[in-house]
$ cat structure23.txt   # compact mmCIF, C-alpha atoms
# COMPACT_ATOMS: atom_id res chain seq x y z
CA MET A 1484 -10.71 0.17 -22.15
CA MET A 1485 -14.09 -0.69 -23.53
CA ARG A 1486 -15.68 -0.47 -26.89
CA ILE A 1487 -19.44 -0.04 -26.87
CA LEU A 1488 -19.50 0.01 -30.64
CA LYS A 1489 -17.19 -2.50 -32.29
CA SER A 1490 -16.36 -3.42 -35.85
CA MET A 1491 -19.77 -5.05 -36.41
CA LEU A 1492 -21.44 -1.64 -36.32
CA PHE A 1493 -18.68 -0.10 -38.38
CA ALA A 1494 -19.14 -2.77 -41.07
CA ALA A 1495 -22.88 -2.24 -41.10
CA LEU A 1496 -22.51 1.49 -41.40
CA LEU A 1497 -19.54 1.58 -43.73
CA ALA A 1498 -21.77 1.55 -46.78
CA GLY A 1499 -23.70 4.36 -45.13
CA THR A 1500 -27.01 5.84 -46.07
CA LEU A 1501 -26.90 8.29 -48.92
CA VAL A 1502 -28.67 11.36 -47.66
CA THR A 1503 -29.40 13.78 -50.45
CA VAL A 1504 -30.89 17.15 -49.81
CA LEU A 1505 -31.85 19.21 -52.81
CA ALA A 1506 -32.49 22.74 -51.71
CA PRO A 1507 -33.76 25.55 -53.89
CA LYS A 1508 -31.37 28.22 -55.00
CA ALA A 1509 -30.78 31.00 -52.53
CA ALA A 1510 -28.82 34.20 -52.46
CA ALA A 1511 -26.38 33.07 -49.76
CA GLN A 1512 -22.97 31.88 -50.90
CA ASN A 1513 -22.57 29.01 -48.41
CA GLY A 1514 -24.64 26.30 -46.77
CA SER A 1515 -24.22 24.08 -43.73
CA ILE A 1516 -24.69 20.57 -42.34
CA SER A 1517 -26.20 19.85 -38.95
CA GLY A 1518 -27.85 16.99 -37.13
CA THR A 1519 -28.39 15.02 -33.94
CA ILE A 1520 -26.69 11.79 -32.93
CA LEU A 1521 -28.23 9.41 -30.38
CA ASP A 1522 -26.56 6.45 -28.68
CA ILE A 1523 -27.78 2.83 -28.52
CA ASN A 1524 -30.24 3.85 -25.80
CA ALA A 1525 -31.58 6.65 -28.01
CA LYS A 1526 -30.08 9.27 -25.70
CA PRO A 1527 -28.10 12.31 -26.89
CA TRP A 1528 -24.46 11.40 -27.45
CA SER A 1529 -22.12 14.28 -26.62
CA GLY A 1530 -18.43 14.62 -27.34
CA LEU A 1531 -18.47 12.88 -30.72
CA GLY A 1532 -16.13 14.25 -33.38
CA VAL A 1533 -17.93 14.72 -36.71
CA GLU A 1534 -16.11 15.49 -39.95
CA CYS A 1535 -17.32 16.44 -43.40
CA VAL A 1536 -15.13 16.19 -46.51
CA SER A 1537 -16.13 17.80 -49.80
CA ASP A 1538 -15.65 16.13 -53.17
CA GLN A 1539 -12.78 18.60 -53.58
CA GLY A 1540 -11.07 17.40 -50.39
CA ALA A 1541 -11.95 20.36 -48.13
CA LYS A 1542 -12.47 19.26 -44.50
CA GLN A 1543 -14.31 20.67 -41.51
CA GLU A 1544 -14.86 19.21 -38.02
CA ALA A 1545 -17.31 19.74 -35.18
CA LYS A 1546 -18.30 18.07 -31.91
CA THR A 1547 -21.71 17.09 -30.63
CA ASP A 1548 -22.94 19.08 -27.63
CA LEU A 1549 -24.85 17.86 -24.56
CA SER A 1550 -27.96 17.54 -26.74
CA GLY A 1551 -26.12 15.36 -29.21
CA GLN A 1552 -26.26 18.12 -31.83
CA TYR A 1553 -23.49 19.27 -34.15
CA ASN A 1554 -23.16 21.99 -36.75
CA LEU A 1555 -20.79 22.38 -39.70
CA PRO A 1556 -21.32 25.93 -41.02
CA ASN A 1557 -20.04 27.99 -43.98
CA LEU A 1558 -19.70 25.13 -46.43
CA ARG A 1559 -19.31 25.78 -50.14
CA PRO A 1560 -21.96 24.11 -52.30
CA GLY A 1561 -21.09 20.55 -53.23
CA VAL A 1562 -21.29 16.93 -52.13
CA TYR A 1563 -19.88 16.11 -48.67
CA THR A 1564 -19.06 12.82 -46.96
CA VAL A 1565 -20.03 12.96 -43.29
CA THR A 1566 -18.27 10.67 -40.81
CA ILE A 1567 -18.15 10.25 -37.04
CA ILE A 1568 -14.37 10.21 -36.61
CA THR A 1569 -13.88 10.15 -32.82
CA PHE A 1570 -15.79 8.81 -29.83
CA PRO A 1571 -15.42 9.90 -26.20
CA PRO A 1572 -14.00 7.45 -23.60
CA PRO A 1573 -14.54 4.62 -22.95
CA ASN A 1574 -15.33 4.24 -26.69
CA ASP A 1575 -12.26 6.12 -27.92
CA LYS A 1576 -10.91 3.00 -29.70
CA GLN A 1577 -14.04 2.79 -31.84
CA PRO A 1578 -13.25 3.07 -35.58
CA PRO A 1579 -14.84 5.90 -37.63
CA VAL A 1580 -18.46 5.45 -38.67
CA LEU A 1581 -19.76 6.69 -42.01
CA MET A 1582 -23.02 8.61 -41.74
CA GLY A 1583 -23.54 9.22 -45.46
CA LYS A 1584 -23.16 11.72 -48.29
CA LEU A 1585 -25.07 14.98 -48.50
CA LYS A 1586 -25.49 17.62 -51.14
CA VAL A 1587 -24.99 21.10 -49.70
CA THR A 1588 -26.76 23.96 -51.45
CA SER A 1589 -26.23 27.69 -50.95
CA GLY A 1590 -28.18 29.16 -48.08
CA GLU A 1591 -29.67 25.86 -46.91
CA VAL A 1592 -29.03 23.45 -44.01
CA ALA A 1593 -28.48 19.82 -44.93
CA LYS A 1594 -29.54 17.44 -42.16
CA ALA A 1595 -27.71 14.25 -41.22
CA ASP A 1596 -29.00 12.51 -38.08
CA MET A 1597 -28.11 9.14 -36.63
CA ASN A 1598 -29.76 6.97 -34.00
CA PHE A 1599 -27.56 4.02 -33.09
CA LYS A 1600 -30.49 2.29 -31.44
CA ASP A 1601 -32.25 2.05 -34.81
CA VAL A 1602 -29.04 0.92 -36.47
CA LEU A 1603 -28.62 -1.80 -33.87
CA ALA A 1604 -32.23 -2.96 -34.27
CA LYS A 1605 -31.55 -3.68 -37.93
CA GLN A 1606 -28.56 -5.88 -37.13
CA GLY A 1607 -30.58 -8.75 -35.65
CA ALA A 1608 -30.50 -10.74 -32.41
CA ALA A 1609 -26.80 -11.65 -32.54
CA ALA A 1610 -25.70 -8.04 -32.77
CA GLN A 1611 -28.10 -7.01 -30.01
CA GLU A 1612 -26.79 -9.77 -27.75
CA GLN A 1613 -23.22 -8.60 -28.28
CA VAL A 1614 -24.12 -5.02 -27.44
CA LYS A 1615 -25.97 -6.29 -24.37
CA LYS A 1616 -22.77 -7.98 -23.22
CA GLN A 1617 -20.85 -4.81 -23.86
CA GLU A 1618 -23.35 -2.85 -21.78
CA GLU A 1619 -22.92 -5.38 -18.98
CA GLU A 1620 -19.15 -4.92 -19.20
CA LYS A 1621 -19.65 -1.18 -19.02
CA GLN A 1622 -21.74 -1.56 -15.86
CA LYS A 1623 -19.04 -3.75 -14.35
CA PHE A 1624 -16.48 -1.10 -15.16
CA GLU A 1625 -18.55 1.58 -13.46
CA GLY A 1626 -18.94 -0.65 -10.39
CA MET A 1627 -15.22 -1.32 -10.30
CA LYS A 1628 -14.52 2.39 -10.61
CA ALA A 1629 -16.87 3.26 -7.73
CA HIS A 1630 -15.30 0.71 -5.36
CA PHE A 1631 -11.77 1.67 -6.37
CA THR A 1632 -12.51 5.35 -5.75
CA ALA A 1633 -13.93 4.53 -2.32
CA GLY A 1634 -10.94 2.35 -1.43
CA SER A 1635 -8.49 5.03 -2.57
CA ALA A 1636 -10.25 7.61 -0.41
CA ILE A 1637 -9.89 5.35 2.64
CA LEU A 1638 -6.20 4.89 1.83
CA VAL A 1639 -5.68 8.63 2.28
CA HIS A 1640 -6.90 8.31 5.87
CA GLU A 1641 -4.85 5.16 6.37
CA ARG A 1642 -1.64 6.94 5.34
CA LYS A 1643 -2.43 9.71 7.83
CA ALA A 1644 -3.10 7.13 10.55
CA LYS A 1645 0.30 5.53 9.82
CA GLU A 1646 2.01 8.93 10.20
CA ASP A 1647 0.17 9.57 13.47
CA LEU A 1648 1.20 6.16 14.79
CA GLN A 1649 4.86 6.84 14.03
CA LYS A 1650 4.71 10.09 16.02
CA ALA A 1651 2.59 8.72 18.87
CA THR A 1652 3.60 8.39 22.50
CA PRO A 1653 3.61 4.86 23.99
CA ASP A 1654 0.23 5.37 25.68
CA GLN A 1655 -1.38 6.34 22.35
CA ARG A 1656 -0.02 3.52 20.24
CA ALA A 1657 -2.53 0.79 21.06
CA GLY A 1658 -5.54 2.87 19.99
CA LEU A 1659 -3.83 4.14 16.86
CA LYS A 1660 -2.78 0.63 15.86
CA GLN A 1661 -6.40 -0.46 16.04
CA ASP A 1662 -7.46 2.56 13.96
CA LEU A 1663 -4.86 1.67 11.37
CA LYS A 1664 -6.05 -1.93 11.19
CA ASP A 1665 -9.69 -0.87 10.87
CA LEU A 1666 -8.85 1.49 8.00
CA SER A 1667 -6.79 -1.22 6.34
CA ASP A 1668 -9.75 -3.63 6.56
CA LYS A 1669 -12.14 -1.07 5.07
CA ALA A 1670 -9.81 -0.12 2.23
CA ALA A 1671 -9.12 -3.78 1.45
CA ALA A 1672 -12.85 -4.58 1.39
CA GLU A 1673 -13.53 -1.85 -1.19
CA LEU A 1674 -10.57 -2.84 -3.34
CA GLN A 1675 -11.54 -6.51 -3.26
CA ALA A 1676 -15.06 -5.50 -4.29
CA ALA A 1677 -13.51 -3.54 -7.16
CA GLN A 1678 -11.69 -6.68 -8.28
CA LYS A 1679 -14.91 -8.70 -8.25
CA ALA A 1680 -16.73 -6.01 -10.20
CA ALA A 1681 -13.98 -5.59 -12.77
CA PRO A 1682 -14.70 -6.72 -16.34
CA GLU A 1683 -13.07 -9.97 -17.42
CA LYS A 1684 -9.44 -9.46 -18.50
CA ASP A 1685 -9.58 -5.84 -17.37
CA SER A 1686 -6.31 -4.01 -18.03
CA ASN A 1687 -6.43 -2.29 -14.63
CA GLN A 1688 -6.03 -5.47 -12.59
CA HIS A 1689 -2.40 -4.67 -11.80
CA LEU A 1690 -3.41 -1.33 -10.30
CA LEU A 1691 -6.13 -2.93 -8.18
CA TRP A 1692 -3.64 -5.46 -6.79
CA ALA A 1693 -0.96 -2.85 -6.16
CA THR A 1694 -3.37 -0.58 -4.31
CA LEU A 1695 -4.61 -3.52 -2.24
CA GLY A 1696 -0.98 -4.26 -1.45
CA GLU A 1697 -0.53 -0.75 -0.11
CA ALA A 1698 -3.62 -1.11 2.09
CA TYR A 1699 -2.01 -4.16 3.71
CA ASP A 1700 1.51 -2.68 3.62
CA LEU A 1701 0.60 0.43 5.61
CA ALA A 1702 -0.83 -1.72 8.38
CA GLY A 1703 2.24 -3.95 8.50
CA ARG A 1704 0.39 -6.98 7.15
CA ASN A 1705 3.48 -8.28 5.37
CA ASP A 1706 2.27 -11.64 4.07
CA GLU A 1707 -0.95 -10.22 2.60
CA ALA A 1708 0.91 -7.24 1.15
CA ALA A 1709 3.53 -9.51 -0.46
CA GLN A 1710 0.82 -11.66 -2.04
CA ALA A 1711 -0.97 -8.61 -3.43
CA TYR A 1712 2.22 -7.06 -4.83
CA GLN A 1713 3.12 -10.40 -6.42
CA GLN A 1714 -0.28 -10.46 -8.13
CA ALA A 1715 0.35 -6.92 -9.39
CA ILE A 1716 3.66 -8.14 -10.83
CA ASN A 1717 1.93 -11.11 -12.47
CA ALA A 1718 -0.47 -8.70 -14.15
CA LYS A 1719 2.26 -6.22 -15.13
CA PRO A 1720 5.67 -7.93 -15.03
CA ASN A 1721 7.75 -4.97 -16.17
CA ASP A 1722 6.87 -2.44 -13.47
CA PRO A 1723 9.97 -1.73 -11.33
CA GLY A 1724 7.88 -0.03 -8.64
CA TYR A 1725 5.93 -3.19 -7.91
CA TYR A 1726 9.15 -5.17 -7.43
CA ASN A 1727 10.44 -2.42 -5.14
CA ASN A 1728 7.27 -2.56 -3.02
CA LEU A 1729 7.46 -6.34 -2.87
CA GLY A 1730 11.08 -6.08 -1.75
CA ASN A 1731 10.11 -3.68 1.03
CA VAL A 1732 7.62 -6.04 2.66
CA LEU A 1733 9.78 -9.13 2.15
CA ALA A 1734 12.73 -7.41 3.83
CA ARG A 1735 10.53 -6.28 6.67
CA ALA A 1736 9.31 -9.86 7.09
CA GLY A 1737 12.90 -11.09 7.31
CA LYS A 1738 12.82 -12.87 3.93
CA ILE A 1739 16.17 -11.38 2.91
CA ASP A 1740 17.01 -13.61 -0.05
CA GLU A 1741 13.57 -13.15 -1.61
CA ALA A 1742 13.76 -9.41 -0.99
CA ARG A 1743 17.17 -9.25 -2.68
CA VAL A 1744 15.70 -10.93 -5.77
CA ALA A 1745 12.87 -8.40 -5.91
CA TYR A 1746 15.14 -5.37 -5.48
CA THR A 1747 17.58 -6.74 -8.05
CA LYS A 1748 14.75 -7.07 -10.57
CA SER A 1749 13.58 -3.53 -9.80
CA ALA A 1750 17.08 -2.19 -10.40
CA GLU A 1751 17.40 -4.15 -13.66
CA LEU A 1752 14.08 -2.85 -15.00
CA ASP A 1753 14.97 0.77 -14.22
CA PRO A 1754 18.75 1.28 -13.92
CA THR A 1755 18.22 5.03 -13.36
CA LYS A 1756 16.60 4.21 -10.02
CA ALA A 1757 18.85 1.32 -9.04
CA ALA A 1758 20.47 3.37 -6.28
CA THR A 1759 17.03 4.05 -4.82
CA ALA A 1760 16.10 0.37 -4.96
CA TRP A 1761 19.23 -0.68 -3.05
CA ARG A 1762 18.81 2.18 -0.57
CA ASN A 1763 15.22 1.08 0.07
CA PHE A 1764 16.49 -2.44 0.68
CA GLY A 1765 18.98 -1.09 3.21
CA ILE A 1766 16.36 1.11 4.90
CA SER A 1767 13.94 -1.81 5.21
CA LEU A 1768 16.62 -3.95 6.84
CA TYR A 1769 17.79 -1.09 9.03
CA ASN A 1770 14.25 -0.43 10.29
CA ALA A 1771 13.88 -4.14 11.00
CA ASN A 1772 17.04 -3.96 13.17
CA ARG A 1773 18.92 -6.17 10.70
CA LEU A 1774 21.85 -3.75 10.52
CA GLY A 1775 24.42 -6.35 9.51
CA ASP A 1776 22.33 -7.36 6.50
CA ALA A 1777 21.77 -3.69 5.59
CA VAL A 1778 25.46 -3.04 4.89
CA GLU A 1779 25.66 -4.73 1.48
CA PRO A 1780 22.68 -2.99 -0.20
CA LEU A 1781 23.68 0.37 1.30
CA GLN A 1782 27.20 -0.04 -0.07
CA LYS A 1783 25.73 -0.75 -3.52
CA SER A 1784 23.52 2.32 -3.26
CA ALA A 1785 26.46 4.50 -2.20
CA GLU A 1786 28.48 3.30 -5.19
CA LEU A 1787 25.66 4.20 -7.59
CA ASP A 1788 24.73 7.47 -5.87
CA PRO A 1789 27.66 8.79 -3.80
CA LYS A 1790 25.90 12.09 -3.10
CA SER A 1791 23.16 10.72 -0.84
CA ALA A 1792 23.80 11.79 2.76
CA GLN A 1793 21.06 9.46 3.95
CA THR A 1794 22.77 6.44 2.41
CA TRP A 1795 26.16 7.29 3.93
CA TYR A 1796 24.69 7.87 7.40
CA LEU A 1797 22.75 4.60 7.36
CA LEU A 1798 25.83 2.79 6.07
CA GLY A 1799 27.93 4.18 8.91
CA ALA A 1800 25.31 3.24 11.50
CA SER A 1801 25.01 -0.27 10.02
CA LEU A 1802 28.77 -0.78 9.96
CA VAL A 1803 28.91 -0.03 13.69
CA TYR A 1804 26.99 -3.29 14.10
CA LYS A 1805 29.96 -5.12 12.56
CA MET A 1806 32.36 -3.77 15.20
CA THR A 1807 34.53 -6.39 16.86
CA VAL A 1808 36.58 -6.37 20.06
CA LYS A 1809 40.20 -7.37 20.52
CA LYS A 1810 42.18 -7.93 23.71
CA VAL A 1811 44.97 -5.43 24.33
CA GLY A 1812 46.63 -6.28 27.61
CA ASP A 1813 43.86 -6.53 30.14
CA LYS A 1814 41.51 -4.31 28.12
CA ASP A 1815 38.88 -5.01 25.46
CA VAL A 1816 39.47 -2.56 22.60
CA PRO A 1817 36.79 -2.01 19.93
CA VAL A 1818 37.78 -2.52 16.30
CA PHE A 1819 35.50 -0.70 13.88
CA ALA A 1820 34.63 -2.27 10.55
CA PRO A 1821 36.47 -0.70 7.60
CA GLY A 1822 34.62 2.31 6.26
CA THR A 1823 32.61 3.07 9.40
CA ILE A 1824 34.21 6.42 10.20
CA GLU A 1825 34.51 7.34 6.52
CA ALA A 1826 30.76 6.76 5.97
CA TYR A 1827 29.86 9.07 8.85
CA GLN A 1828 32.33 11.67 7.59
CA LYS A 1829 30.85 11.53 4.11
CA ALA A 1830 27.34 12.12 5.51
CA ILE A 1831 28.61 15.19 7.37
CA GLU A 1832 30.33 16.55 4.24
CA LEU A 1833 27.16 16.20 2.19
CA ASP A 1834 24.70 17.37 4.85
CA PRO A 1835 26.65 19.40 7.47
CA ASN A 1836 23.62 21.19 8.90
CA GLY A 1837 20.91 18.69 8.03
CA PRO A 1838 19.48 15.75 9.97
CA TYR A 1839 21.79 13.10 8.48
CA GLY A 1840 24.89 15.21 9.02
CA GLN A 1841 23.91 15.95 12.61
CA ASP A 1842 23.15 12.30 13.34
CA ALA A 1843 26.47 11.33 11.78
CA LYS A 1844 28.27 13.77 14.11
CA LYS A 1845 26.61 12.15 17.09
CA GLY A 1846 27.65 8.76 15.71
CA LEU A 1847 31.28 9.83 15.53
CA GLU A 1848 31.12 11.17 19.06
CA GLN A 1849 29.86 7.79 20.25
CA LEU A 1850 32.73 6.07 18.45
CA GLN A 1851 35.23 8.33 20.20
CA LEU A 1852 33.68 7.50 23.57
CA MET A 1853 34.10 3.79 22.81
CA ALA A 1854 37.66 4.21 21.53
CA PRO A 1855 39.29 7.35 22.92
CA GLY A 1856 41.85 8.81 20.55
CA VAL A 1857 40.18 7.63 17.36
CA ASP A 1858 40.51 10.23 14.59
CA ILE A 1859 37.07 11.54 13.74
CA LYS A 1860 38.07 14.76 12.00
CA VAL A 1861 36.01 15.71 8.99
CA ASN A 1862 37.74 17.49 6.13
CA LEU A 1863 34.97 19.61 4.67
CA LYS A 1864 35.70 20.80 1.17
CA LYS A 1865 35.76 24.57 0.81
CA LYS A 1866 33.25 25.95 -1.64
CA LYS A 1867 34.68 27.78 -4.62
CA SER A 1868 34.10 31.50 -4.50
$ encode --input "structure23.txt" --output "structure tokens"
Amino acid sequence: MMRILKSMLFAALLAGTLVTVLAPKAAAQNGSISGTILDINAKPWSGLGVECVSDQGAKQEAKTDLSGQYNLPNLRPGVYTVTIITFPPPNDKQPPVLMGKLKVTSGEVAKADMNFKDVLAKQGAAAQEQVKKQEEEKQKFEGMKAHFTAGSAILVHERKAKEDLQKATPDQRAGLKQDLKDLSDKAAAELQAAQKAAPEKDSNQHLLWATLGEAYDLAGRNDEAAQAYQQAINAKPNDPGYYNNLGNVLARAGKIDEARVAYTKSAELDPTKAATAWRNFGISLYNANRLGDAVEPLQKSAELDPKSAQTWYLLGASLVYKMTVKKVGDKDVPVFAPGTIEAYQKAIELDPNGPYGQDAKKGLEQLQLMAPGVDIKVNLKKKKS
């Protein structure tokens, strides 16, 4: 995300400093290279990848430890080019930096140290000002990270509070609703602080907005959640999950046409999950008691994924809403929408002993009570032995 050392340092160091160590002859066959590398604050820099390459092309790598030290042992005598080839995050995009060339002699240790603070001091005021800005960006990143971590931790409690509210008895709901709102406020405050602390043009903005959207979403704050999810989409337009989340809150808010646009986009971006997108649309409408509107997306989901018992049950329950009544003699006779019974039967076939199959059975029983004599038999396919 960030580069503490950019191309200006690389250019300055590319020429390198020729470090030549002439050691007296010794009995040992091999020598070694070692040294210490310090960062721009003159502190040990750990996790750097250091490579030496002989004039014959032989390579060896090492990493600096917590003291900033590295060691390249068992090197044949010769001239070696020493380069810092990798930097730890957040500097992992930093290009390689040449440290210099060393002559390795049998039985001796050639030393190659580097202090980036000294290197920077030689670059002048302009270079130091740029590094200062980079340090400020790094501090902003750390502040953003701290607030985001705090907000995410609160979200865990908020999700639990939402689950508790859904299971609560009527006398418990008022208190739990207030708890949920309080947690939503706290999570949102941390996430908004993370946004303010984020470096300019930070690549994580979409994640900050999406997480803020969830903080509002869990508490049923539809308008605020929709705005946050839209901002996440603006920052990352090709994420199908963000469109799906936006569709959820728009459907819940009764903005059906806008929700349909969002779900359609989600399905287009990830056709493998199109059935899930349309099912989510149907579920959102179903939970909002808009059963008539839920039929169309549930039918689309069933076409794409005909093996979902949940989809078939919800489709059957939604189709009941479209039931009409006709006059037969002096009686009002219910007329079920086409596909109502078949949807319930399909749910039972797919989930005979599960919750959707059991609910579908109850649904069929209710249909028979409304219209005695209606055929509700389910032809379960026998499993092959």
$ residues_near_point --input "structure23.txt" --point "(-28.6, 11.8, -20.8)" --cutoff "9 Å" --atoms "all atoms listed in the file" --output "short mmCIF file (atom, residue, chain, number, x, y, z; two decimals) with C-alpha atoms, keeping the file's coordinate frame"
data_model
loop_
_atom_site.label_atom_id
_atom_site.label_comp_id
_atom_site.auth_asym_id
_atom_site.auth_seq_id
_atom_site.Cartn_x
_atom_site.Cartn_y
_atom_site.Cartn_z
CA LYS A 1526 -30.08 9.27 -25.70
CA PRO A 1527 -28.10 12.31 -26.89
CA TRP A 1528 -24.46 11.40 -27.45
CA LEU A 1549 -24.85 17.86 -24.56
CA SER A 1550 -27.96 17.54 -26.74
#
$ residues_around --input "structure23.txt" --residues "Ala1750 of chain A" --least-positions-apart "6" --cutoff "8 Å" --atoms "only C-alpha atoms" --output "list in words"
Pro1723, Lys1756, Ala1757, Ala1758, Ala1760 and Trp1761 of chain A
$ closest_residue --input "structure23.txt" --among "A:Asn1772, A:Thr1759, A:Thr1823, A:Thr1547" --to "Ala1785 of chain A" --atoms "only C-alpha atoms"
A:Thr1759
$ atom_distance --input "structure23.txt" --atom1 "atom CA of Phe1819 of chain A" --atom2 "atom CA of Leu1798 of chain A"
12.9 Å
$ residues_around --input "structure23.txt" --residues "Leu1850 of chain A" --least-positions-apart "6" --cutoff "12 Å" --atoms "only C-alpha atoms" --output "ChimeraX atom specification"
/A:1799-1800,1802-1804,1806,1816-1820,1823-1824,1827,1843-1844,1856-1859
$ closest_residue --input "structure23.txt" --among "A:Trp1692, A:Phe1570, A:Tyr1563, A:Trp1795" --to "Lys1584 of chain A" --atoms "only C-alpha atoms"
A:Tyr1563
$ closest_residue --input "structure23.txt" --among "A:Lys1542, A:His1640, A:Lys1669, A:Arg1735" --to "Arg1704 of chain A" --atoms "only C-alpha atoms"
A:Arg1735
$ residues_around --input "structure23.txt" --residues "segment 1590-1603 of chain A" --least-positions-apart "3" --cutoff "6 Å" --atoms "only C-alpha atoms" --output "PyMOL selection string"
chain A and resi 1509+1511+1513-1525+1606
$ residues_near_point --input "structure23.txt" --point "(-4.1, 8.4, 6.7)" --cutoff "12 Å" --atoms "only C-alpha atoms" --output "NGL selection string"
:A and (1635-1649 or 1659 or 1662-1667 or 1670 or 1697-1698 or 1701-1702)
$ closest_residue --input "structure23.txt" --among "A:Leu1585, A:Ala1676, A:Val1808, A:Val1533" --to "Leu1555 of chain A" --atoms "only C-alpha atoms"
A:Val1533
$ closest_residue --input "structure23.txt" --among "A:Asp1538, A:Leu1690, A:Gly1696, A:Leu1852" --to "Lys1719 of chain A" --atoms "only C-alpha atoms"
A:Leu1690
$ closest_residue --input "structure23.txt" --among "A:Thr1807, A:Gln1714, A:Ser1749, A:Ser1589" --to "Ala1854 of chain A" --atoms "all atoms listed in the file"
A:Thr1807
$ atom_distance --input "structure23.txt" --atom1 "atom CA of Glu1544 of chain A" --atom2 "atom CA of Pro1560 of chain A"
16.7 Å
$ residues_around --input "structure23.txt" --residues "segment 1626-1634 of chain A" --least-positions-apart "2" --cutoff "6 Å" --atoms "only C-alpha atoms" --output "list in words"
Lys1623, Phe1624, Ala1636, Ile1637, Ala1670, Glu1673, Leu1674, Ala1677, Ala1680 and Ala1681 of chain A
$ residues_around --input "structure23.txt" --residues "Thr1794 of chain A" --least-positions-apart "2" --cutoff "12 Å" --atoms "only C-alpha atoms" --output "PyMOL selection string"
chain A and resi 1758-1766+1769+1777-1792+1796-1801+1826-1827+1829-1831+1833-1834+1839-1840+1843
$ atom_distance --input "structure23.txt" --atom1 "atom CA of Ala1711 of chain A" --atom2 "atom CA of Gly1724 of chain A"
13.4 Å
$ axis_aligned_box --input "structure23.txt" --around "segment 1632-1636 of chain A" --padding-each-side "5 Å" --output "lines of an AutoDock Vina configuration file"
center_x = -11.2
center_y = 5.0
center_z = -3.1
size_x = 15.4
size_y = 15.3
size_z = 15.3
